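What follows is the content of work_23.cif, which has mmCIF, N, CA and C atoms:
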```
data_upload
#
loop_
_atom_site.label_atom_id
_atom_site.label_comp_id
_atom_site.auth_asym_id
_atom_site.auth_seq_id
_atom_site.Cartn_x
_atom_site.Cartn_y
_atom_site.Cartn_z
N MET A 74 -9.47 12.00 -3.62
CA MET A 74 -8.49 13.05 -3.45
C MET A 74 -7.91 12.94 -2.04
N HIS A 75 -6.61 13.07 -1.93
CA HIS A 75 -5.92 12.97 -0.64
C HIS A 75 -6.13 14.25 0.17
N PRO A 76 -6.65 14.15 1.40
CA PRO A 76 -6.85 15.35 2.21
C PRO A 76 -5.51 16.00 2.57
N THR A 77 -5.40 17.30 2.36
CA THR A 77 -4.13 17.99 2.59
C THR A 77 -3.73 17.98 4.06
N TYR A 78 -4.70 17.90 4.97
CA TYR A 78 -4.35 17.93 6.40
C TYR A 78 -3.58 16.68 6.82
N LEU A 79 -3.62 15.62 6.03
CA LEU A 79 -2.85 14.43 6.35
C LEU A 79 -1.38 14.58 5.99
N GLY A 80 -1.09 15.44 5.04
CA GLY A 80 0.29 15.64 4.63
C GLY A 80 0.85 14.44 3.91
N TRP A 81 2.17 14.42 3.81
CA TRP A 81 2.84 13.34 3.10
C TRP A 81 2.84 12.07 3.94
N GLN A 82 2.42 10.97 3.33
CA GLN A 82 2.42 9.67 3.98
C GLN A 82 3.56 8.84 3.36
N VAL A 83 4.56 8.53 4.17
CA VAL A 83 5.78 7.90 3.69
C VAL A 83 5.51 6.59 2.95
N ASP A 84 4.55 5.81 3.41
CA ASP A 84 4.32 4.50 2.81
C ASP A 84 3.27 4.51 1.69
N TRP A 85 2.82 5.69 1.28
CA TRP A 85 1.89 5.80 0.16
C TRP A 85 2.65 6.23 -1.08
N PRO A 86 2.28 5.73 -2.25
CA PRO A 86 2.95 6.17 -3.48
C PRO A 86 2.71 7.66 -3.73
N VAL A 87 3.70 8.29 -4.34
CA VAL A 87 3.57 9.70 -4.72
C VAL A 87 3.81 9.83 -6.22
N PHE A 88 3.22 10.87 -6.78
CA PHE A 88 3.29 11.11 -8.22
C PHE A 88 3.71 12.55 -8.47
N ILE A 89 4.30 12.77 -9.61
CA ILE A 89 4.78 14.10 -9.99
C ILE A 89 3.58 14.99 -10.29
N LYS A 90 3.53 16.14 -9.63
CA LYS A 90 2.48 17.12 -9.86
C LYS A 90 3.01 18.22 -10.78
N LEU A 91 4.23 18.66 -10.50
CA LEU A 91 4.92 19.65 -11.34
C LEU A 91 6.24 19.04 -11.80
N PRO A 92 6.55 19.14 -13.08
CA PRO A 92 7.80 18.54 -13.58
C PRO A 92 9.00 18.96 -12.73
N VAL A 93 9.88 17.99 -12.47
CA VAL A 93 11.02 18.23 -11.59
C VAL A 93 12.19 17.36 -12.05
N SER A 94 13.39 17.81 -11.75
CA SER A 94 14.58 17.02 -12.01
C SER A 94 15.08 16.51 -10.67
N ALA A 95 15.21 15.20 -10.56
CA ALA A 95 15.67 14.60 -9.31
C ALA A 95 16.44 13.32 -9.62
N ASN A 96 17.54 13.14 -8.93
CA ASN A 96 18.34 11.92 -9.06
C ASN A 96 18.79 11.67 -10.50
N GLY A 97 19.13 12.77 -11.20
CA GLY A 97 19.63 12.67 -12.57
C GLY A 97 18.58 12.35 -13.60
N LYS A 98 17.31 12.53 -13.27
CA LYS A 98 16.23 12.23 -14.21
C LYS A 98 15.23 13.38 -14.23
N ASN A 99 14.70 13.65 -15.40
CA ASN A 99 13.63 14.64 -15.53
C ASN A 99 12.30 13.91 -15.40
N TRP A 100 11.56 14.21 -14.35
CA TRP A 100 10.30 13.54 -14.06
C TRP A 100 9.16 14.36 -14.65
N LYS A 101 8.21 13.68 -15.29
CA LYS A 101 7.08 14.34 -15.94
C LYS A 101 5.82 14.23 -15.08
N ARG A 102 4.92 15.16 -15.30
CA ARG A 102 3.64 15.18 -14.58
C ARG A 102 2.93 13.83 -14.72
N GLY A 103 2.44 13.30 -13.58
CA GLY A 103 1.68 12.05 -13.56
C GLY A 103 2.53 10.81 -13.39
N GLU A 104 3.86 10.95 -13.47
CA GLU A 104 4.75 9.80 -13.32
C GLU A 104 4.80 9.36 -11.86
N HIS A 105 4.89 8.04 -11.66
CA HIS A 105 5.07 7.51 -10.31
C HIS A 105 6.48 7.84 -9.86
N PHE A 106 6.61 8.54 -8.74
CA PHE A 106 7.91 8.94 -8.21
C PHE A 106 8.36 7.89 -7.21
N ASN A 107 9.07 6.89 -7.70
CA ASN A 107 9.50 5.77 -6.86
C ASN A 107 10.80 6.13 -6.13
N TRP A 108 10.69 7.07 -5.24
CA TRP A 108 11.84 7.65 -4.54
C TRP A 108 12.63 6.64 -3.73
N LEU A 109 11.95 5.68 -3.14
CA LEU A 109 12.63 4.70 -2.31
C LEU A 109 13.56 3.82 -3.15
N GLU A 110 13.05 3.33 -4.28
CA GLU A 110 13.88 2.51 -5.17
C GLU A 110 15.01 3.31 -5.79
N GLN A 111 14.79 4.62 -5.95
CA GLN A 111 15.82 5.50 -6.52
C GLN A 111 16.89 5.88 -5.50
N GLY A 112 16.62 5.58 -4.23
CA GLY A 112 17.58 5.90 -3.17
C GLY A 112 17.60 7.38 -2.81
N ILE A 113 16.49 8.06 -3.02
CA ILE A 113 16.40 9.49 -2.71
C ILE A 113 16.08 9.65 -1.23
N ASP A 114 16.78 10.57 -0.59
CA ASP A 114 16.63 10.82 0.84
C ASP A 114 15.20 11.23 1.19
N GLN A 115 14.69 10.67 2.26
CA GLN A 115 13.32 10.92 2.71
C GLN A 115 13.07 12.41 2.98
N ASP A 116 14.04 13.11 3.52
CA ASP A 116 13.88 14.54 3.80
C ASP A 116 13.70 15.34 2.51
N LYS A 117 14.40 14.95 1.45
CA LYS A 117 14.26 15.63 0.16
C LYS A 117 12.87 15.39 -0.42
N VAL A 118 12.37 14.18 -0.24
CA VAL A 118 11.03 13.85 -0.74
C VAL A 118 9.98 14.65 0.04
N ALA A 119 10.17 14.77 1.34
CA ALA A 119 9.26 15.56 2.17
C ALA A 119 9.23 17.01 1.70
N THR A 120 10.39 17.54 1.31
CA THR A 120 10.46 18.91 0.80
C THR A 120 9.73 19.03 -0.53
N LEU A 121 9.91 18.05 -1.41
CA LEU A 121 9.20 18.06 -2.69
C LEU A 121 7.69 18.03 -2.48
N TYR A 122 7.24 17.26 -1.49
CA TYR A 122 5.81 17.19 -1.19
C TYR A 122 5.32 18.53 -0.64
N ALA A 123 6.08 19.07 0.31
CA ALA A 123 5.68 20.32 0.96
C ALA A 123 5.63 21.50 -0.02
N THR A 124 6.47 21.46 -1.04
CA THR A 124 6.51 22.55 -2.02
C THR A 124 5.59 22.31 -3.21
N GLY A 125 4.88 21.18 -3.22
CA GLY A 125 3.87 20.94 -4.24
C GLY A 125 4.35 20.28 -5.52
N TYR A 126 5.57 19.76 -5.53
CA TYR A 126 6.07 19.09 -6.73
C TYR A 126 5.55 17.66 -6.87
N ILE A 127 5.26 17.01 -5.76
CA ILE A 127 4.71 15.66 -5.78
C ILE A 127 3.46 15.62 -4.92
N HIS A 128 2.63 14.62 -5.15
CA HIS A 128 1.38 14.48 -4.38
C HIS A 128 0.93 13.03 -4.39
N HIS A 129 -0.03 12.73 -3.51
CA HIS A 129 -0.68 11.43 -3.50
C HIS A 129 -1.87 11.52 -4.45
N ASN A 130 -2.15 10.43 -5.16
CA ASN A 130 -3.26 10.47 -6.10
C ASN A 130 -3.79 9.04 -6.28
N LYS A 131 -4.96 8.77 -5.71
CA LYS A 131 -5.54 7.42 -5.75
C LYS A 131 -5.83 6.96 -7.19
N GLU A 132 -6.28 7.88 -8.05
CA GLU A 132 -6.58 7.50 -9.43
C GLU A 132 -5.31 7.04 -10.15
N LEU A 133 -4.21 7.76 -9.94
CA LEU A 133 -2.95 7.37 -10.57
C LEU A 133 -2.41 6.07 -9.98
N GLU A 134 -2.70 5.81 -8.71
CA GLU A 134 -2.29 4.54 -8.10
C GLU A 134 -2.95 3.38 -8.85
N VAL A 135 -4.24 3.52 -9.14
CA VAL A 135 -4.97 2.47 -9.84
C VAL A 135 -4.43 2.32 -11.26
N GLN A 136 -4.25 3.44 -11.97
CA GLN A 136 -3.74 3.39 -13.34
C GLN A 136 -2.34 2.79 -13.40
N SER A 137 -1.49 3.17 -12.44
CA SER A 137 -0.09 2.72 -12.45
C SER A 137 0.09 1.37 -11.76
N LYS A 138 -0.96 0.90 -11.10
CA LYS A 138 -0.92 -0.36 -10.36
C LYS A 138 0.22 -0.37 -9.34
N VAL A 139 0.25 0.67 -8.51
CA VAL A 139 1.23 0.77 -7.44
C VAL A 139 0.50 0.91 -6.10
N GLY A 140 1.23 0.75 -5.02
CA GLY A 140 0.63 0.83 -3.70
C GLY A 140 0.04 -0.51 -3.30
N ASP A 141 -0.74 -0.54 -2.24
CA ASP A 141 -1.30 -1.82 -1.79
C ASP A 141 -2.49 -2.26 -2.63
N ARG A 142 -3.07 -1.36 -3.39
CA ARG A 142 -4.17 -1.63 -4.33
C ARG A 142 -5.43 -2.17 -3.65
N LEU A 143 -5.54 -2.00 -2.33
CA LEU A 143 -6.71 -2.51 -1.61
C LEU A 143 -7.98 -1.78 -2.02
N SER A 144 -7.86 -0.54 -2.48
CA SER A 144 -9.04 0.22 -2.88
C SER A 144 -9.71 -0.38 -4.12
N GLU A 145 -8.97 -1.22 -4.86
CA GLU A 145 -9.52 -1.85 -6.05
C GLU A 145 -10.34 -3.10 -5.73
N LEU A 146 -10.26 -3.58 -4.49
CA LEU A 146 -10.93 -4.82 -4.12
C LEU A 146 -12.33 -4.57 -3.57
N SER A 147 -13.27 -5.41 -3.98
CA SER A 147 -14.64 -5.35 -3.46
C SER A 147 -14.68 -6.03 -2.09
N GLY A 148 -15.81 -5.93 -1.43
CA GLY A 148 -15.97 -6.56 -0.12
C GLY A 148 -15.72 -8.06 -0.15
N LYS A 149 -16.25 -8.73 -1.17
CA LYS A 149 -16.06 -10.18 -1.30
C LYS A 149 -14.59 -10.50 -1.54
N GLN A 150 -13.93 -9.70 -2.37
CA GLN A 150 -12.50 -9.91 -2.65
C GLN A 150 -11.65 -9.67 -1.40
N LEU A 151 -12.02 -8.65 -0.60
CA LEU A 151 -11.31 -8.39 0.65
C LEU A 151 -11.44 -9.58 1.59
N ASP A 152 -12.64 -10.14 1.66
CA ASP A 152 -12.88 -11.30 2.51
C ASP A 152 -12.03 -12.49 2.06
N THR A 153 -11.97 -12.71 0.75
CA THR A 153 -11.15 -13.79 0.21
C THR A 153 -9.68 -13.55 0.55
N LEU A 154 -9.22 -12.32 0.40
CA LEU A 154 -7.83 -11.98 0.71
C LEU A 154 -7.50 -12.28 2.17
N VAL A 155 -8.37 -11.86 3.08
CA VAL A 155 -8.13 -12.10 4.51
C VAL A 155 -8.13 -13.60 4.82
N ASN A 156 -9.06 -14.33 4.23
CA ASN A 156 -9.11 -15.79 4.46
C ASN A 156 -7.83 -16.47 3.99
N LEU A 157 -7.34 -16.07 2.81
CA LEU A 157 -6.12 -16.68 2.28
C LEU A 157 -4.88 -16.26 3.09
N LEU A 158 -4.84 -15.00 3.52
CA LEU A 158 -3.73 -14.55 4.39
C LEU A 158 -3.73 -15.32 5.70
N ASN A 159 -4.92 -15.50 6.28
CA ASN A 159 -5.01 -16.22 7.54
C ASN A 159 -4.65 -17.70 7.38
N ALA A 160 -4.87 -18.25 6.19
CA ALA A 160 -4.44 -19.64 5.94
C ALA A 160 -2.91 -19.72 5.97
N VAL A 161 -2.24 -18.69 5.44
CA VAL A 161 -0.78 -18.63 5.49
C VAL A 161 -0.31 -18.52 6.93
N VAL A 162 -0.98 -17.66 7.69
CA VAL A 162 -0.63 -17.49 9.10
C VAL A 162 -0.80 -18.80 9.85
N LYS A 163 -1.90 -19.50 9.59
CA LYS A 163 -2.18 -20.77 10.27
C LYS A 163 -1.09 -21.79 9.96
N ASP A 164 -0.62 -21.82 8.70
CA ASP A 164 0.45 -22.76 8.31
C ASP A 164 1.77 -22.45 9.01
N ARG A 165 1.98 -21.18 9.35
CA ARG A 165 3.27 -20.77 9.90
C ARG A 165 3.26 -20.57 11.42
N THR A 166 2.16 -20.88 12.06
CA THR A 166 2.10 -20.78 13.52
C THR A 166 2.00 -22.18 14.11
N SER A 167 2.47 -22.30 15.33
CA SER A 167 2.55 -23.63 15.95
C SER A 167 1.43 -23.92 16.93
N SER A 168 0.62 -22.92 17.26
CA SER A 168 -0.47 -23.17 18.20
C SER A 168 -1.67 -22.30 17.86
N THR A 169 -2.81 -22.69 18.36
CA THR A 169 -4.03 -21.92 18.14
C THR A 169 -3.91 -20.54 18.76
N ASN A 170 -3.30 -20.46 19.92
CA ASN A 170 -3.11 -19.18 20.60
C ASN A 170 -2.24 -18.24 19.77
N GLU A 171 -1.14 -18.76 19.25
CA GLU A 171 -0.25 -17.95 18.42
C GLU A 171 -0.98 -17.48 17.16
N TYR A 172 -1.76 -18.37 16.55
CA TYR A 172 -2.55 -18.01 15.37
C TYR A 172 -3.52 -16.88 15.68
N ASN A 173 -4.24 -17.00 16.80
CA ASN A 173 -5.23 -15.97 17.18
C ASN A 173 -4.58 -14.62 17.41
N ILE A 174 -3.36 -14.61 17.87
CA ILE A 174 -2.63 -13.35 18.11
C ILE A 174 -2.18 -12.74 16.79
N LYS A 175 -1.71 -13.57 15.85
CA LYS A 175 -1.08 -13.08 14.62
C LYS A 175 -2.03 -12.90 13.44
N LYS A 176 -3.21 -13.49 13.46
CA LYS A 176 -4.09 -13.47 12.29
C LYS A 176 -4.57 -12.05 11.97
N CYS A 177 -5.02 -11.89 10.73
CA CYS A 177 -5.60 -10.63 10.28
C CYS A 177 -7.06 -10.60 10.74
N LYS A 178 -7.43 -9.56 11.43
CA LYS A 178 -8.80 -9.42 11.94
C LYS A 178 -9.75 -9.12 10.79
N LYS A 179 -11.05 -9.36 11.01
CA LYS A 179 -12.06 -9.20 9.97
C LYS A 179 -13.09 -8.14 10.34
N SER A 180 -13.64 -7.51 9.28
CA SER A 180 -14.74 -6.57 9.43
C SER A 180 -15.62 -6.67 8.20
N LYS A 181 -16.90 -6.40 8.38
CA LYS A 181 -17.83 -6.40 7.25
C LYS A 181 -17.86 -5.03 6.57
N ILE A 182 -17.26 -4.03 7.19
CA ILE A 182 -17.19 -2.68 6.62
C ILE A 182 -15.92 -2.61 5.77
N ASP A 183 -16.07 -2.38 4.46
CA ASP A 183 -14.95 -2.46 3.53
C ASP A 183 -13.77 -1.55 3.91
N ASP A 184 -14.05 -0.28 4.21
CA ASP A 184 -12.96 0.64 4.56
C ASP A 184 -12.25 0.21 5.84
N LYS A 185 -13.02 -0.27 6.80
CA LYS A 185 -12.41 -0.76 8.04
C LYS A 185 -11.56 -2.00 7.76
N GLN A 186 -12.04 -2.87 6.88
CA GLN A 186 -11.28 -4.08 6.53
C GLN A 186 -9.96 -3.71 5.86
N ARG A 187 -9.99 -2.70 4.99
CA ARG A 187 -8.74 -2.24 4.36
C ARG A 187 -7.74 -1.77 5.42
N GLY A 188 -8.24 -1.03 6.41
CA GLY A 188 -7.39 -0.56 7.50
C GLY A 188 -6.83 -1.72 8.32
N LEU A 189 -7.66 -2.72 8.58
CA LEU A 189 -7.20 -3.89 9.34
C LEU A 189 -6.12 -4.66 8.57
N ILE A 190 -6.29 -4.76 7.26
CA ILE A 190 -5.28 -5.44 6.44
C ILE A 190 -3.98 -4.65 6.46
N ARG A 191 -4.07 -3.32 6.33
CA ARG A 191 -2.85 -2.49 6.36
C ARG A 191 -2.14 -2.60 7.70
N ARG A 192 -2.89 -2.59 8.78
CA ARG A 192 -2.29 -2.74 10.11
C ARG A 192 -1.62 -4.11 10.23
N PHE A 193 -2.31 -5.14 9.76
CA PHE A 193 -1.76 -6.50 9.78
C PHE A 193 -0.44 -6.55 9.02
N LEU A 194 -0.41 -5.95 7.83
CA LEU A 194 0.82 -5.96 7.01
C LEU A 194 1.95 -5.18 7.68
N ASN A 195 1.61 -4.06 8.32
CA ASN A 195 2.64 -3.27 9.03
C ASN A 195 3.23 -4.05 10.20
N ASN A 196 2.42 -4.88 10.83
CA ASN A 196 2.89 -5.66 11.99
C ASN A 196 3.45 -7.02 11.60
N SER A 197 3.26 -7.42 10.35
CA SER A 197 3.66 -8.77 9.92
C SER A 197 4.40 -8.72 8.59
N ALA A 198 5.56 -8.09 8.59
CA ALA A 198 6.34 -7.94 7.35
C ALA A 198 6.68 -9.28 6.73
N TRP A 199 6.75 -10.32 7.52
CA TRP A 199 7.10 -11.66 7.03
C TRP A 199 6.09 -12.23 6.04
N VAL A 200 4.88 -11.66 5.99
CA VAL A 200 3.84 -12.19 5.12
C VAL A 200 3.63 -11.30 3.88
N ALA A 201 4.45 -10.27 3.71
CA ALA A 201 4.26 -9.30 2.62
C ALA A 201 4.29 -9.96 1.24
N GLU A 202 5.25 -10.83 1.01
CA GLU A 202 5.36 -11.47 -0.30
C GLU A 202 4.12 -12.30 -0.60
N ASP A 203 3.63 -13.02 0.40
CA ASP A 203 2.40 -13.80 0.23
C ASP A 203 1.23 -12.88 -0.06
N PHE A 204 1.16 -11.74 0.64
CA PHE A 204 0.09 -10.76 0.41
C PHE A 204 0.06 -10.33 -1.06
N TYR A 205 1.23 -9.94 -1.59
CA TYR A 205 1.29 -9.46 -2.97
C TYR A 205 0.88 -10.55 -3.96
N ASN A 206 1.31 -11.77 -3.72
CA ASN A 206 0.93 -12.89 -4.60
C ASN A 206 -0.57 -13.15 -4.57
N ILE A 207 -1.14 -13.17 -3.37
CA ILE A 207 -2.57 -13.42 -3.21
C ILE A 207 -3.37 -12.27 -3.83
N ARG A 208 -2.98 -11.04 -3.50
CA ARG A 208 -3.69 -9.86 -4.02
C ARG A 208 -3.68 -9.84 -5.55
N ASP A 209 -2.51 -10.12 -6.13
CA ASP A 209 -2.42 -10.09 -7.59
C ASP A 209 -3.28 -11.17 -8.23
N LYS A 210 -3.36 -12.35 -7.62
CA LYS A 210 -4.24 -13.41 -8.14
C LYS A 210 -5.70 -12.98 -8.08
N ILE A 211 -6.08 -12.35 -6.97
CA ILE A 211 -7.48 -11.89 -6.83
C ILE A 211 -7.79 -10.80 -7.85
N LEU A 212 -6.88 -9.87 -8.05
CA LEU A 212 -7.11 -8.79 -9.00
C LEU A 212 -7.12 -9.26 -10.45
N ASN A 213 -6.46 -10.35 -10.73
CA ASN A 213 -6.44 -10.88 -12.10
C ASN A 213 -7.65 -11.73 -12.43
N ASP A 214 -8.42 -12.12 -11.42
CA ASP A 214 -9.61 -12.96 -11.67
C ASP A 214 -10.74 -12.17 -12.27
#
```
Take the structure I supplied and represent it as structure tokens, if you would.
Amino acid sequence: MHPTYLGWQVDWPVFIKLPVSANGKNWKRGEHFNWLEQGIDQDKVATLYATGYIHHNKELEVQSKVGDRLSELSGKQLDTLVNLLNAVVKDRTSSTNEYNIKKCKKSKIDDKQRGLIRRFLNNSAWVAEDFYNIRDKILND
């Protein structure tokens, strides 16, 4: 369950909590509200969240297969993901020093590793497509 004190997180998927009409569509309870792809203004989405029409829901993320899906990965799978991401980084860097600066850091604590991966992705948008391809291969195994 998403803690209410965190409020709306722009980069987390949101789902319909109370049926609403937005952007010419009637949205039903439990539907993934893909506001960014719909071109809906961020301020309007913030209002929908604040008034309780939409919410974050980890269970629906898993069912709908949206978001970064890192919560679905085990410790071993997270380790594999980081190793494969760092192999991409190594291929695209020209020196050991550059690689050490840009690589995804590692942790043996699963939740911390998820945070390190998210930070890495936020700082390295150029590797996002590779991340999704690698993650999807790991989840399909």
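Take atom CA of Asn159 of chain A and atom C of Lys178 of chain A: the distance between them is 9.1 Å.
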Chain and number of each residue from the PyMOL selection byres ((chain A and resi 85-99) around 7), as a list in words: Trp81, Gln82, Val83, Asp84, Trp100, Lys101, Arg102, Gly103, Glu104, His105, Phe106, Asn107, Gly125, Tyr126, Ile127, His128, His129, Asn130, Val139, Gly140 and Asp141 of chain A
Residue neighbourhood Arg187 of chain A, 9 Å, only C-alpha atoms, exclusion window fewer than 6 positions, as a list in words: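 The contact residues come out as Leu143, Ser144, Leu151 and Ser180 of chain A.
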Point-to-point distance from atom CA of Ser167 of chain A to atom CA of Ala201 of chain A, Å rounded to tenths: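 Distance between the two atoms: 19.6 Å.
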Interatomic distance, atom N of Arg192 of chain A to atom CA of Asn173 of chain A (Å, one decimal): 16.0 Å
Test item, alpha helix (DSSP H) assignment across chain A, answer as a PyMOL selection string: chain A and resi 108-111+115-123+131-137+148-165+169-175+183-196+201-213
Nearest-residue call for Asp164 of chain A, choices A:Leu189, A:Gln111, A:Val200, A:Tyr205, using only C-alpha atoms: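 Among the listed residues, A:Val200 lies closest to Asp164 of chain A.
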